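Student: Just so it is clear, I am handing over entry_20.pdb, which has PDB, C-alpha atoms.
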```
ATOM      1  CA  MET A1127      33.813 -33.007  42.079
ATOM      2  CA  GLN A1128      31.038 -35.509  41.543
ATOM      3  CA  ILE A1129      28.997 -35.526  38.327
ATOM      4  CA  GLU A1130      25.295 -35.497  39.005
ATOM      5  CA  PRO A1131      22.662 -36.662  36.493
ATOM      6  CA  TRP A1132      21.632 -33.123  35.536
ATOM      7  CA  HIS A1133      25.247 -32.386  34.520
ATOM      8  CA  VAL A1134      25.208 -35.009  31.764
ATOM      9  CA  PRO A1135      23.086 -33.096  29.198
ATOM     10  CA  LEU A1136      25.152 -29.958  29.765
ATOM     11  CA  LEU A1137      28.418 -31.834  29.279
ATOM     12  CA  VAL A1138      27.111 -33.559  26.151
ATOM     13  CA  MET A1139      25.974 -30.247  24.633
ATOM     14  CA  ALA A1140      29.315 -28.636  25.462
ATOM     15  CA  GLY A1141      31.127 -31.573  23.862
ATOM     16  CA  ILE A1142      29.020 -31.329  20.707
ATOM     17  CA  ILE A1143      29.684 -27.596  20.443
ATOM     18  CA  VAL A1144      33.434 -28.089  20.853
ATOM     19  CA  LEU A1145      33.513 -30.907  18.285
ATOM     20  CA  GLU A1146      31.467 -28.857  15.825
ATOM     21  CA  LEU A1147      33.784 -25.868  16.187
ATOM     22  CA  LEU A1148      36.841 -28.086  15.685
ATOM     23  CA  ALA A1149      35.254 -29.667  12.615
ATOM     24  CA  VAL A1150      34.409 -26.270  11.122
ATOM     25  CA  LEU A1151      37.951 -25.018  11.674
ATOM     26  CA  ALA A1152      39.637 -28.183  10.398
ATOM     27  CA  LEU A1153      37.350 -28.843   7.431
ATOM     28  CA  ARG A1154      36.692 -25.286   6.293
ATOM     29  CA  ASP A1155      37.605 -26.042   2.662
ATOM     30  CA  ALA A1156      36.207 -29.593   2.521
ATOM     31  CA  GLY A1157      33.571 -30.521  -0.020
ATOM     32  CA  PRO A1158      29.973 -31.501   0.722
ATOM     33  CA  ALA A1159      30.812 -35.218   0.536
ATOM     34  CA  VAL A1160      33.061 -34.920   3.590
ATOM     35  CA  TRP A1161      30.367 -33.103   5.543
ATOM     36  CA  GLN A1162      27.789 -35.701   4.522
ATOM     37  CA  PHE A1163      30.098 -38.498   5.680
ATOM     38  CA  LEU A1164      30.690 -36.760   9.004
ATOM     39  CA  ARG A1165      26.951 -36.269   9.536
ATOM     40  CA  THR A1166      26.311 -39.930   8.749
ATOM     41  CA  ALA A1167      29.104 -41.061  11.069
ATOM     42  CA  GLY A1168      27.777 -38.789  13.814
ATOM     43  CA  LEU A1169      24.259 -40.156  13.417
ATOM     44  CA  GLY A1170      25.572 -43.725  13.574
ATOM     45  CA  THR A1171      27.568 -42.928  16.704
ATOM     46  CA  LEU A1172      24.551 -41.339  18.384
ATOM     47  CA  ALA A1173      22.402 -44.364  17.478
ATOM     48  CA  LEU A1174      25.015 -46.699  18.972
ATOM     49  CA  VAL A1175      25.226 -44.634  22.163
ATOM     50  CA  LEU A1176      21.423 -44.604  22.402
ATOM     51  CA  LEU A1177      21.290 -48.370  21.988
ATOM     52  CA  VAL A1178      23.889 -48.894  24.724
ATOM     53  CA  VAL A1179      22.069 -46.531  27.092
ATOM     54  CA  VAL A1180      18.726 -48.261  26.468
ATOM     55  CA  VAL A1181      20.189 -51.730  27.053
ATOM     56  CA  VAL A1182      21.901 -50.597  30.246
ATOM     57  CA  SER A1183      18.775 -48.875  31.540
ATOM     58  CA  ILE A1184      16.317 -51.721  30.914
ATOM     59  CA  GLY A1185      18.639 -54.513  32.017
ATOM     60  CA  PRO A1186      20.059 -57.490  30.124
ATOM     61  CA  SER A1187      17.108 -59.883  30.558
ATOM     62  CA  LEU A1188      14.491 -57.452  29.232
ATOM     63  CA  ALA A1189      16.873 -56.372  26.460
ATOM     64  CA  ASP A1190      17.219 -60.024  25.440
ATOM     65  CA  GLN A1191      13.454 -60.432  25.301
ATOM     66  CA  LEU A1192      13.036 -57.248  23.261
ATOM     67  CA  ALA A1193      15.778 -58.388  20.875
ATOM     68  CA  SER A1194      13.926 -61.672  20.354
ATOM     69  CA  VAL A1195      10.704 -59.827  19.546
ATOM     70  CA  ALA A1196      12.543 -57.452  17.189
ATOM     71  CA  ALA A1197      14.190 -60.407  15.426
ATOM     72  CA  ALA A1198      10.803 -62.087  14.978
ATOM     73  CA  ILE A1199       9.318 -58.908  13.497
ATOM     74  CA  ALA A1200      12.307 -58.500  11.177
ATOM     75  CA  GLY A1201      11.940 -62.134  10.073
ATOM     76  CA  ILE A1202       8.260 -61.663   9.276
ATOM     77  CA  ALA A1203       9.033 -58.490   7.323
ATOM     78  CA  ALA A1204      11.783 -60.296   5.375
ATOM     79  CA  LEU A1205       9.431 -63.177   4.589
ATOM     80  CA  TRP A1206       6.719 -60.801   3.350
ATOM     81  CA  LEU A1207       9.188 -58.845   1.196
ATOM     82  CA  THR A1208      10.577 -62.084  -0.254
ATOM     83  CA  TYR A1209       7.054 -63.230  -1.112
ATOM     84  CA  ARG A1210       6.269 -59.894  -2.745
ATOM     85  CA  SER A1211       9.440 -59.950  -4.847
ATOM     86  CA  HIS A1212       8.931 -63.556  -6.062
ATOM     87  CA  ARG A1213       5.226 -63.281  -6.778
ATOM     88  CA  PRO A1214       4.639 -64.025 -10.476
ATOM     89  CA  SER A1215       3.945 -60.941 -12.503
ATOM     90  CA  ALA A1216       1.019 -60.949 -14.896
ATOM     91  CA  GLU A1217       1.948 -61.235 -18.554
ATOM     92  CA  PRO A1218       0.580 -58.408 -20.689
ATOM     93  CA  SER A1219      -2.309 -59.554 -22.853
ATOM     94  CA  SER A1220      -2.059 -59.454 -26.637
ATOM     95  CA  ALA A1221      -4.730 -56.715 -26.777
ATOM     96  CA  ALA A1222      -2.667 -54.524 -24.458
ATOM     97  CA  ALA A1223       0.442 -55.177 -26.565
ATOM     98  CA  GLU A1224      -1.444 -54.139 -29.717
ATOM     99  CA  ALA A1225      -2.727 -50.975 -28.043
ATOM    100  CA  ASP A1226       0.820 -50.073 -27.028
ATOM    101  CA  SER A1227       2.093 -50.573 -30.582
ATOM    102  CA  ASP A1228      -0.728 -48.419 -32.035
ATOM    103  CA  GLN A1229      -0.041 -45.586 -29.616
ATOM    104  CA  ARG A1230       3.720 -45.575 -30.181
ATOM    105  CA  PRO A1231       4.821 -42.182 -31.485
ATOM    106  CA  ALA A1232       6.115 -42.028 -35.035
ATOM    107  CA  GLY A1233       9.686 -41.066 -35.835
ATOM    108  CA  GLU A1234      10.605 -37.601 -37.040
ATOM    109  CA  ASP A1235       9.893 -38.415 -40.672
ATOM    110  CA  GLY A1236       6.900 -40.721 -40.025
ATOM    111  CA  ARG A1237       8.565 -43.864 -41.451
ATOM    112  CA  ASP A1238       7.550 -45.909 -38.401
ATOM    113  CA  ARG A1239       3.841 -45.384 -39.114
ATOM    114  CA  GLN A1240       4.227 -46.042 -42.846
ATOM    115  CA  GLN A1241       6.052 -49.325 -42.267
ATOM    116  CA  ALA A1242       3.499 -50.482 -39.688
ATOM    117  CA  THR A1243       0.596 -50.086 -42.153
TER     118      THR A1243
END
```
Any chance you could give the structure as C-alpha cells?
Tutor:
Amino acid sequence: MQIEPWHVPLLVMAGIIVLELLAVLALRDAGPAVWQFLRTAGLGTLALVLLVVVVVSIGPSLADQLASVAAAIAGIAALWLTYRSHRPSAEPSSAAAEADSDQRPAGEDGRDRQQAT
C-alpha cells in the first residue's frame, strides 16, 4: 500500500486520537501540573515538526536566507529592548516627593500625622 498525500492528515489525526486516549487512561489520576507539562511538550513537538516541514518544503537555500533575515530582526529587537532597559530613569522631583509624603495615609492611631507636623 502506498501512502498518498491526502492520507497524511487522516493518519496524523488518528495518531493524535490514539495518543490522547492512551494519555487519558495512563494519567487518569495525575494532577494539573502533569497535564500542563504534557500540553507544553506537545506544543513544542508540533512546533518542531512544523519547522522541519517548512524547511524541507522551501528548500535549504531559501531557508538559509529566511534564517538570516529572522536573525537580523531578532538582533534589532534585542538592541531596542537593551536600549529601553538601560535608558536612564527620571529622578522624582522634590515637589513630587513632598506631595507623596503629604498624601501618605496615617497609621491606625494617627501617630504618623502627629509626628510629621
Student: To one decimal in Å, tell me the separation between CA of Leu1137 in chain A and CA of Val1175 in chain A.
Tutor: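 Calculated distance between CA of Leu1137 in chain A and CA of Val1175 in chain A is 15.0 Å.
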Student: Rounded to one decimal place, report the CA of Arg1210 in chain A-CA of Gln1191 in chain A distance in Å.
Tutor: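 Taking CA of Arg1210 in chain A as the start and CA of Gln1191 in chain A as the end point, the length is 29.0 Å.
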Student: CA of Ala1196 in chain A and CA of Ile1184 in chain A are how many Å apart?
Tutor: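 Between these atoms lies a distance of 15.3 Å.
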Student: Env of Val1138 in chain A: 12 Å cut, atoms = all atoms listed in the file, seq-sep filter 6 positions within chain, self excluded. Answer as a PDB file with C-alpha atoms, in the frame of the given file.
Tutor:
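Once everything was written out, this is selection.pdb:
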```pdb
ATOM      1  CA  PRO A1131      22.662 -36.662  36.493  1.00  0.00           C
ATOM      2  CA  TRP A1132      21.632 -33.123  35.536  1.00  0.00           C
ATOM      3  CA  VAL A1144      33.434 -28.089  20.853  1.00  0.00           C
ATOM      4  CA  LEU A1145      33.513 -30.907  18.285  1.00  0.00           C
ATOM      5  CA  LEU A1172      24.551 -41.339  18.384  1.00  0.00           C
ATOM      6  CA  VAL A1175      25.226 -44.634  22.163  1.00  0.00           C
TER       7      VAL A1175
END
```
